[in-house]
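Here is entry_7.cif, consisting of mmCIF, C-alpha atoms:
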```
data_model
#
loop_
_atom_site.group_PDB
_atom_site.id
_atom_site.type_symbol
_atom_site.label_atom_id
_atom_site.label_comp_id
_atom_site.auth_asym_id
_atom_site.auth_seq_id
_atom_site.Cartn_x
_atom_site.Cartn_y
_atom_site.Cartn_z
ATOM 1 C CA MET A 1 49.001 8.908 11.753
ATOM 2 C CA LEU A 2 47.353 11.161 9.152
ATOM 3 C CA ARG A 3 47.645 8.364 6.558
ATOM 4 C CA ILE A 4 45.895 5.908 8.871
ATOM 5 C CA ILE A 5 43.018 8.324 9.518
ATOM 6 C CA THR A 6 42.733 9.073 5.801
ATOM 7 C CA ALA A 7 42.703 5.329 4.985
ATOM 8 C CA ILE A 8 39.974 4.748 7.602
ATOM 9 C CA LEU A 9 37.883 7.606 6.190
ATOM 10 C CA ILE A 10 38.262 6.329 2.627
ATOM 11 C CA SER A 11 37.285 2.796 3.734
ATOM 12 C CA ALA A 12 34.259 4.125 5.618
ATOM 13 C CA SER A 13 33.270 6.233 2.613
ATOM 14 C CA MET A 14 33.410 3.179 0.344
ATOM 15 C CA LEU A 15 31.401 1.145 2.844
ATOM 16 C CA PHE A 16 28.622 3.719 2.982
ATOM 17 C CA SER A 17 28.384 4.312 -0.754
ATOM 18 C CA GLN A 18 27.916 0.807 -2.159
ATOM 19 C CA PHE A 19 24.388 1.706 -3.218
ATOM 20 C CA GLY A 20 22.073 4.658 -2.806
ATOM 21 C CA LEU A 21 18.308 4.917 -2.509
ATOM 22 C CA SER A 22 16.031 7.580 -3.986
ATOM 23 C CA SER A 23 14.142 7.818 -0.685
ATOM 24 C CA SER A 24 14.382 6.697 2.922
ATOM 25 C CA GLU A 25 10.575 6.687 3.300
ATOM 26 C CA LEU A 26 7.649 5.697 1.095
ATOM 27 C CA ASN A 27 4.214 6.929 2.194
ATOM 28 C CA PHE A 28 1.397 5.013 0.502
ATOM 29 C CA GLY A 29 -1.349 7.077 2.158
ATOM 30 C CA SER A 30 -4.812 5.630 2.738
ATOM 31 C CA VAL A 31 -5.735 2.717 0.475
ATOM 32 C CA LEU A 32 -9.174 1.112 0.317
ATOM 33 C CA VAL A 33 -9.124 -2.576 1.210
ATOM 34 C CA GLY A 34 -9.371 -4.496 -2.065
ATOM 35 C CA SER A 35 -7.350 -1.825 -3.889
ATOM 36 C CA THR A 36 -3.603 -1.260 -4.093
ATOM 37 C CA ASN A 37 -1.129 1.607 -4.295
ATOM 38 C CA THR A 38 2.254 1.234 -6.013
ATOM 39 C CA LEU A 39 5.285 3.466 -5.483
ATOM 40 C CA SER A 40 8.743 3.342 -7.052
ATOM 41 C CA LEU A 41 12.103 3.210 -5.308
ATOM 42 C CA ASN A 42 15.331 3.741 -7.268
ATOM 43 C CA ILE A 43 18.533 1.965 -6.283
ATOM 44 C CA ALA A 44 21.834 3.327 -7.662
ATOM 45 C CA SER A 45 24.844 1.012 -7.454
ATOM 46 C CA SER A 46 28.428 2.161 -7.088
ATOM 47 C CA LEU A 47 29.984 -1.294 -7.553
ATOM 48 C CA ASP A 48 29.191 -4.750 -8.904
ATOM 49 C CA GLN A 49 26.947 -6.488 -6.354
ATOM 50 C CA ASN A 50 23.932 -8.697 -5.776
ATOM 51 C CA ILE A 51 20.999 -6.940 -4.105
ATOM 52 C CA THR A 52 18.447 -8.670 -1.875
ATOM 53 C CA ILE A 53 15.184 -7.107 -0.699
ATOM 54 C CA ASN A 54 13.554 -8.795 2.280
ATOM 55 C CA PRO A 55 9.774 -9.131 1.870
ATOM 56 C CA VAL A 56 7.411 -7.330 4.256
ATOM 57 C CA ASN A 57 3.852 -8.440 5.045
ATOM 58 C CA PHE A 58 1.137 -6.650 3.026
ATOM 59 C CA PHE A 59 3.660 -5.280 0.478
ATOM 60 C CA GLU A 60 4.586 -6.774 -2.894
ATOM 61 C CA VAL A 61 7.973 -6.019 -4.457
ATOM 62 C CA SER A 62 8.650 -6.255 -8.209
ATOM 63 C CA HIS A 63 11.835 -8.243 -7.631
ATOM 64 C CA PHE A 64 13.665 -9.506 -4.550
ATOM 65 C CA GLU A 65 17.100 -10.553 -5.806
ATOM 66 C CA PHE A 66 19.051 -9.113 -8.694
ATOM 67 C CA PHE A 67 22.542 -8.160 -9.857
ATOM 68 C CA MET A 68 23.640 -4.546 -10.241
ATOM 69 C CA ALA A 69 26.841 -3.444 -11.972
ATOM 70 C CA ASP A 70 28.787 -0.337 -11.020
ATOM 71 C CA GLY A 71 26.785 2.685 -12.230
ATOM 72 C CA ASP A 72 23.494 0.796 -12.675
ATOM 73 C CA ASN A 73 20.142 2.233 -11.597
ATOM 74 C CA GLU A 74 17.187 -0.028 -10.870
ATOM 75 C CA ASP A 75 13.585 1.013 -10.234
ATOM 76 C CA ILE A 76 11.802 -1.260 -7.777
ATOM 77 C CA LEU A 77 7.996 -1.190 -7.644
ATOM 78 C CA ILE A 78 6.555 -1.635 -4.170
ATOM 79 C CA THR A 79 2.801 -2.243 -3.847
ATOM 80 C CA PHE A 80 0.746 -1.919 -0.677
ATOM 81 C CA VAL A 81 -2.066 -4.512 -0.525
ATOM 82 C CA PRO A 82 -4.126 -3.833 2.611
ATOM 83 C CA PRO A 83 -5.746 -6.982 4.046
ATOM 84 C CA SER A 84 -8.134 -5.043 6.292
ATOM 85 C CA GLY A 85 -8.396 -1.733 8.077
ATOM 86 C CA ILE A 86 -4.808 -1.460 9.268
ATOM 87 C CA THR A 87 -2.173 1.176 10.007
ATOM 88 C CA LEU A 88 1.402 0.191 9.170
ATOM 89 C CA ASN A 89 4.744 1.755 9.888
ATOM 90 C CA THR A 90 7.336 -0.857 8.980
ATOM 91 C CA TYR A 91 10.705 -1.185 7.268
ATOM 92 C CA LEU A 92 11.884 -2.706 4.007
ATOM 93 C CA VAL A 93 15.455 -4.013 4.359
ATOM 94 C CA ILE A 94 17.717 -3.858 1.312
ATOM 95 C CA SER A 95 21.124 -5.510 1.476
ATOM 96 C CA SER A 96 24.001 -6.381 -0.815
ATOM 97 C CA ASP A 97 26.399 -9.301 -0.893
ATOM 98 C CA ALA A 98 29.139 -6.695 -0.393
ATOM 99 C CA GLY A 99 27.980 -6.382 3.222
ATOM 100 C CA TYR A 100 25.973 -3.169 3.011
ATOM 101 C CA GLN A 101 22.407 -2.695 4.227
ATOM 102 C CA GLN A 102 19.833 0.124 4.125
ATOM 103 C CA VAL A 103 16.238 0.408 5.260
ATOM 104 C CA VAL A 104 13.263 2.228 3.778
ATOM 105 C CA GLU A 105 10.411 3.186 6.066
ATOM 106 C CA LEU A 106 7.018 2.113 4.677
ATOM 107 C CA VAL A 107 3.993 4.055 5.931
ATOM 108 C CA ALA A 108 0.504 2.932 4.875
ATOM 109 C CA VAL A 109 -3.096 2.805 6.043
ATOM 110 C CA GLY A 110 -5.645 0.266 4.865
ATOM 111 C CA ILE A 111 -9.167 1.632 5.117
ATOM 112 C CA ASN A 112 -12.617 0.202 4.663
ATOM 113 C CA ASN A 113 -14.311 3.590 4.501
ATOM 114 C CA LEU A 114 -16.398 4.601 1.519
ATOM 115 C CA GLU A 115 -17.164 8.224 0.723
ATOM 116 C CA GLY A 116 -17.552 10.544 -2.227
ATOM 117 C CA SER A 117 -17.780 9.488 -5.872
ATOM 118 C CA ILE A 118 -17.503 5.748 -6.320
ATOM 119 C CA SER A 119 -17.683 3.233 -9.170
ATOM 120 C CA GLY A 120 -16.411 -0.262 -9.827
ATOM 121 C CA VAL A 121 -16.954 -3.321 -7.653
ATOM 122 C CA ILE A 122 -17.463 -3.537 -3.903
ATOM 123 C CA SER A 123 -16.168 -6.999 -3.016
ATOM 124 C CA ALA A 124 -17.597 -9.263 -0.328
ATOM 125 C CA GLN A 125 -14.054 -10.440 0.353
ATOM 126 C CA TYR A 126 -13.289 -7.194 2.227
ATOM 127 C CA SER A 127 -16.706 -6.589 3.777
ATOM 128 C CA PRO A 128 -17.963 -4.876 5.911
ATOM 129 C CA TYR A 129 -17.427 -1.347 4.586
ATOM 130 C CA ASN A 130 -18.009 1.828 6.577
ATOM 131 C CA VAL A 131 -19.916 4.574 4.753
ATOM 132 C CA THR A 132 -18.575 7.606 6.626
ATOM 133 C CA LYS A 133 -19.818 10.347 4.263
ATOM 134 C CA ASP A 134 -22.293 10.440 1.378
ATOM 135 C CA VAL A 135 -21.472 8.011 -1.431
ATOM 136 C CA ILE A 136 -22.390 9.034 -4.992
ATOM 137 C CA VAL A 137 -22.601 6.841 -8.085
ATOM 138 C CA GLU A 138 -22.306 9.571 -10.701
ATOM 139 C CA GLU A 139 -24.059 9.665 -14.066
ATOM 140 C CA ASN A 140 -22.450 7.307 -16.628
ATOM 141 C CA ASN A 141 -20.775 5.316 -13.814
ATOM 142 C CA THR A 142 -21.672 1.871 -12.523
ATOM 143 C CA LEU A 143 -21.313 0.479 -9.024
ATOM 144 C CA VAL A 144 -21.564 -3.291 -8.563
ATOM 145 C CA ILE A 145 -22.161 -4.607 -5.056
ATOM 146 C CA GLU A 146 -21.293 -8.294 -4.758
ATOM 147 C CA PRO A 147 -23.424 -10.780 -2.797
ATOM 148 C CA GLY A 148 -22.436 -10.858 0.879
ATOM 149 C CA VAL A 149 -21.417 -7.191 1.160
ATOM 150 C CA GLU A 150 -22.371 -5.250 4.289
ATOM 151 C CA LEU A 151 -22.436 -1.451 4.155
ATOM 152 C CA LEU A 152 -22.440 0.209 7.573
ATOM 153 C CA PHE A 153 -23.790 3.762 7.289
ATOM 154 C CA SER A 154 -22.753 6.501 9.724
ATOM 155 C CA PRO A 155 -25.603 8.778 10.881
ATOM 156 C CA ASN A 156 -26.960 11.148 8.231
ATOM 157 C CA THR A 157 -25.091 9.551 5.309
ATOM 158 C CA LEU A 158 -26.659 8.800 1.942
ATOM 159 C CA LEU A 159 -26.153 6.512 -1.028
ATOM 160 C CA ILE A 160 -26.972 8.721 -4.031
ATOM 161 C CA VAL A 161 -27.337 6.908 -7.372
ATOM 162 C CA GLU A 162 -27.264 9.061 -10.520
ATOM 163 C CA GLY A 163 -25.703 6.286 -12.620
ATOM 164 C CA ASP A 164 -26.206 2.521 -12.436
ATOM 165 C CA LEU A 165 -26.292 0.388 -9.291
ATOM 166 C CA ILE A 166 -26.095 -3.390 -9.689
ATOM 167 C CA ALA A 167 -26.697 -5.279 -6.452
ATOM 168 C CA HIS A 168 -27.667 -8.922 -6.923
ATOM 169 C CA GLY A 169 -27.729 -10.673 -3.571
ATOM 170 C CA ASN A 170 -28.781 -14.248 -3.051
ATOM 171 C CA PRO A 171 -30.006 -16.358 -0.109
ATOM 172 C CA ASN A 172 -26.431 -17.319 0.780
ATOM 173 C CA GLY A 173 -25.031 -13.850 0.116
ATOM 174 C CA LEU A 174 -27.383 -11.131 1.267
ATOM 175 C CA ILE A 175 -26.421 -7.511 0.634
ATOM 176 C CA LYS A 176 -26.997 -5.569 3.831
ATOM 177 C CA PHE A 177 -27.407 -1.825 4.319
ATOM 178 C CA LEU A 178 -27.089 -1.259 8.085
ATOM 179 C CA ALA A 179 -26.596 1.568 10.575
ATOM 180 C CA SER A 180 -23.011 1.638 11.877
ATOM 181 C CA ASN A 181 -24.315 2.498 15.327
ATOM 182 C CA GLU A 182 -26.608 -0.246 16.601
ATOM 183 C CA ASP A 183 -28.474 2.328 18.737
ATOM 184 C CA SER A 184 -29.649 4.265 15.685
ATOM 185 C CA SER A 185 -31.666 3.238 12.683
ATOM 186 C CA TYR A 186 -30.789 3.684 9.033
ATOM 187 C CA LYS A 187 -33.397 5.502 6.933
#
```
Spell out the structure here as structure tokens.
Amino acid sequence: MLRIITAILISASMLFSQFGLSSSELNFGSVLVGSTNTLSLNIASSLDQNITINPVNFFEVSHFEFFMADGDNEDILITFVPPSGITLNTYLVISSDAGYQQVVELVAVGINNLEGSISGVISAQYSPYNVTKDVIVEENNTLVIEPGVELLFSPNTLLIVEGDLIAHGNPNGLIKFLASNEDSSYK
């Protein structure tokens, strides 16, 4: 009887140790729409096996299928690409051809809020943007606002330009600075 229980425990131990993960949760935080955030997940293999990672919407994975030998470690890069203002709490499923499966919780928030020091390009593709606190283009920085961008300003917020602001709209792509609350006016 003791041998049977021991054999069951050893079998269960082998089943649950086919590969290990460096984390059971990856928190990408708040990511501005049009930007990305990449985190790393390490997989450690305890036997020869093929690993498959099932894709999840709004996340890119460096590789989905690969072979791991006993003792191998593989770093997987997972990138959150927010399509819009969105809050996600989803799961990445990782499985092996040896019949083992684990999940990693993915937590991420896509935001369209602008605040604080900013430079780079504000893309029309992800417009409109909410200006929730003062936005500052600091000295020696450049902010480019593409045609078609709408900036919705919360009450009492400012766009302060100490550097360069390039905003070239056109008749088919106006750049709009608007109040976020239709009942108030932007000054």
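Evaluated on this file, the PyMOL selection byres ((chain A and resi 62) around 8) matches Glu60, Val61, His63, Phe64, Ile76, Leu77 and Ile78 of chain A.
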Checklist entry - So what do you get for atom CA of Val121 of chain A versus atom CA of Pro147 of chain A, distance-wise? => result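 Taking atom CA of Val121 of chain A and atom CA of Pro147 of chain A, their separation equals 11.0 Å.
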Next on the checklist: Translate the PyMOL selection byres ((chain A and resi 81-96) around 7) into a concrete residue list for this structure, as a VMD selection string.
Outcome noted: chain A and resid 33 35 to 36 49 to 54 56 58 to 59 79 to 80 97 to 112 126
Checklist entry - Using all atoms listed in the file, which residues sit within 6 Å of Asn113 of chain A once same-chain residues fewer than 5 positions away are excluded, as a list in words? => result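 Everything that qualifies: Tyr129, Asn130 and Val131 of chain A.
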Item to check | Using only C-alpha atoms: which of A:Asn140, A:Glu182, A:Gly173, A:Phe153 has the shortest distance to Gln125 of chain A | outcome: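 The answer is A:Gly173, which sits nearest to Gln125 of chain A.
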Residue completion, segment 136-154 of chain A, N, CA, C and O atoms, as an mmCIF file, in the coordinates of the input:
```
data_model
loop_
_atom_site.group_PDB
_atom_site.id
_atom_site.type_symbol
_atom_site.label_atom_id
_atom_site.label_comp_id
_atom_site.auth_asym_id
_atom_site.auth_seq_id
_atom_site.Cartn_x
_atom_site.Cartn_y
_atom_site.Cartn_z
ATOM 1 N N ILE A 136 -21.674 8.655 -3.774
ATOM 2 C CA ILE A 136 -22.390 9.034 -4.992
ATOM 3 C C ILE A 136 -21.920 8.166 -6.153
ATOM 4 O O ILE A 136 -20.725 8.068 -6.436
ATOM 5 N N VAL A 137 -22.873 7.522 -6.821
ATOM 6 C CA VAL A 137 -22.601 6.841 -8.085
ATOM 7 C C VAL A 137 -23.015 7.841 -9.160
ATOM 8 O O VAL A 137 -24.197 8.064 -9.394
ATOM 9 N N GLU A 138 -22.029 8.485 -9.766
ATOM 10 C CA GLU A 138 -22.306 9.571 -10.701
ATOM 11 C C GLU A 138 -22.857 9.058 -12.026
ATOM 12 O O GLU A 138 -22.685 7.891 -12.383
ATOM 13 N N GLU A 139 -23.511 9.971 -12.746
ATOM 14 C CA GLU A 139 -24.059 9.665 -14.066
ATOM 15 C C GLU A 139 -22.978 9.063 -14.952
ATOM 16 O O GLU A 139 -21.818 9.480 -14.927
ATOM 17 N N ASN A 140 -23.344 8.044 -15.727
ATOM 18 C CA ASN A 140 -22.450 7.307 -16.628
ATOM 19 C C ASN A 140 -21.452 6.411 -15.898
ATOM 20 O O ASN A 140 -20.530 5.893 -16.513
ATOM 21 N N ASN A 141 -21.604 6.244 -14.587
ATOM 22 C CA ASN A 141 -20.775 5.316 -13.814
ATOM 23 C C ASN A 141 -21.636 4.169 -13.322
ATOM 24 O O ASN A 141 -22.853 4.299 -13.197
ATOM 25 N N THR A 142 -20.976 3.053 -13.034
ATOM 26 C CA THR A 142 -21.672 1.871 -12.523
ATOM 27 C C THR A 142 -20.985 1.398 -11.251
ATOM 28 O O THR A 142 -19.758 1.311 -11.192
ATOM 29 N N LEU A 143 -21.803 1.084 -10.253
ATOM 30 C CA LEU A 143 -21.313 0.479 -9.024
ATOM 31 C C LEU A 143 -21.940 -0.900 -8.909
ATOM 32 O O LEU A 143 -23.163 -1.046 -8.979
ATOM 33 N N VAL A 144 -21.107 -1.919 -8.746
ATOM 34 C CA VAL A 144 -21.564 -3.291 -8.563
ATOM 35 C C VAL A 144 -21.280 -3.669 -7.114
ATOM 36 O O VAL A 144 -20.148 -3.553 -6.648
ATOM 37 N N ILE A 145 -22.326 -4.129 -6.428
ATOM 38 C CA ILE A 145 -22.161 -4.607 -5.056
ATOM 39 C C ILE A 145 -22.334 -6.113 -5.085
ATOM 40 O O ILE A 145 -23.394 -6.627 -5.451
ATOM 41 N N GLU A 146 -21.271 -6.838 -4.708
ATOM 42 C CA GLU A 146 -21.293 -8.294 -4.758
ATOM 43 C C GLU A 146 -22.167 -8.880 -3.650
ATOM 44 O O GLU A 146 -22.335 -8.261 -2.589
ATOM 45 N N PRO A 147 -22.690 -10.091 -3.864
ATOM 46 C CA PRO A 147 -23.424 -10.780 -2.797
ATOM 47 C C PRO A 147 -22.546 -10.916 -1.552
ATOM 48 O O PRO A 147 -21.345 -11.169 -1.649
ATOM 49 N N GLY A 148 -23.157 -10.716 -0.381
ATOM 50 C CA GLY A 148 -22.436 -10.858 0.879
ATOM 51 C C GLY A 148 -21.840 -9.582 1.433
ATOM 52 O O GLY A 148 -21.280 -9.573 2.523
ATOM 53 N N VAL A 149 -21.968 -8.467 0.700
ATOM 54 C CA VAL A 149 -21.417 -7.191 1.160
ATOM 55 C C VAL A 149 -22.310 -6.581 2.238
ATOM 56 O O VAL A 149 -23.528 -6.624 2.139
ATOM 57 N N GLU A 150 -21.673 -6.035 3.280
ATOM 58 C CA GLU A 150 -22.371 -5.250 4.289
ATOM 59 C C GLU A 150 -21.851 -3.825 4.227
ATOM 60 O O GLU A 150 -20.645 -3.595 4.253
ATOM 61 N N LEU A 151 -22.775 -2.868 4.119
ATOM 62 C CA LEU A 151 -22.436 -1.451 4.155
ATOM 63 C C LEU A 151 -22.972 -0.884 5.460
ATOM 64 O O LEU A 151 -24.180 -0.956 5.723
ATOM 65 N N LEU A 152 -22.072 -0.350 6.282
ATOM 66 C CA LEU A 152 -22.440 0.209 7.573
ATOM 67 C C LEU A 152 -22.440 1.730 7.465
ATOM 68 O O LEU A 152 -21.379 2.340 7.323
ATOM 69 N N PHE A 153 -23.628 2.332 7.512
ATOM 70 C CA PHE A 153 -23.790 3.762 7.289
ATOM 71 C C PHE A 153 -23.679 4.540 8.593
ATOM 72 O O PHE A 153 -24.376 4.236 9.565
ATOM 73 N N SER A 154 -22.818 5.563 8.605
ATOM 74 C CA SER A 154 -22.753 6.501 9.724
ATOM 75 C C SER A 154 -24.025 7.334 9.712
ATOM 76 O O SER A 154 -24.683 7.452 8.667
#
```
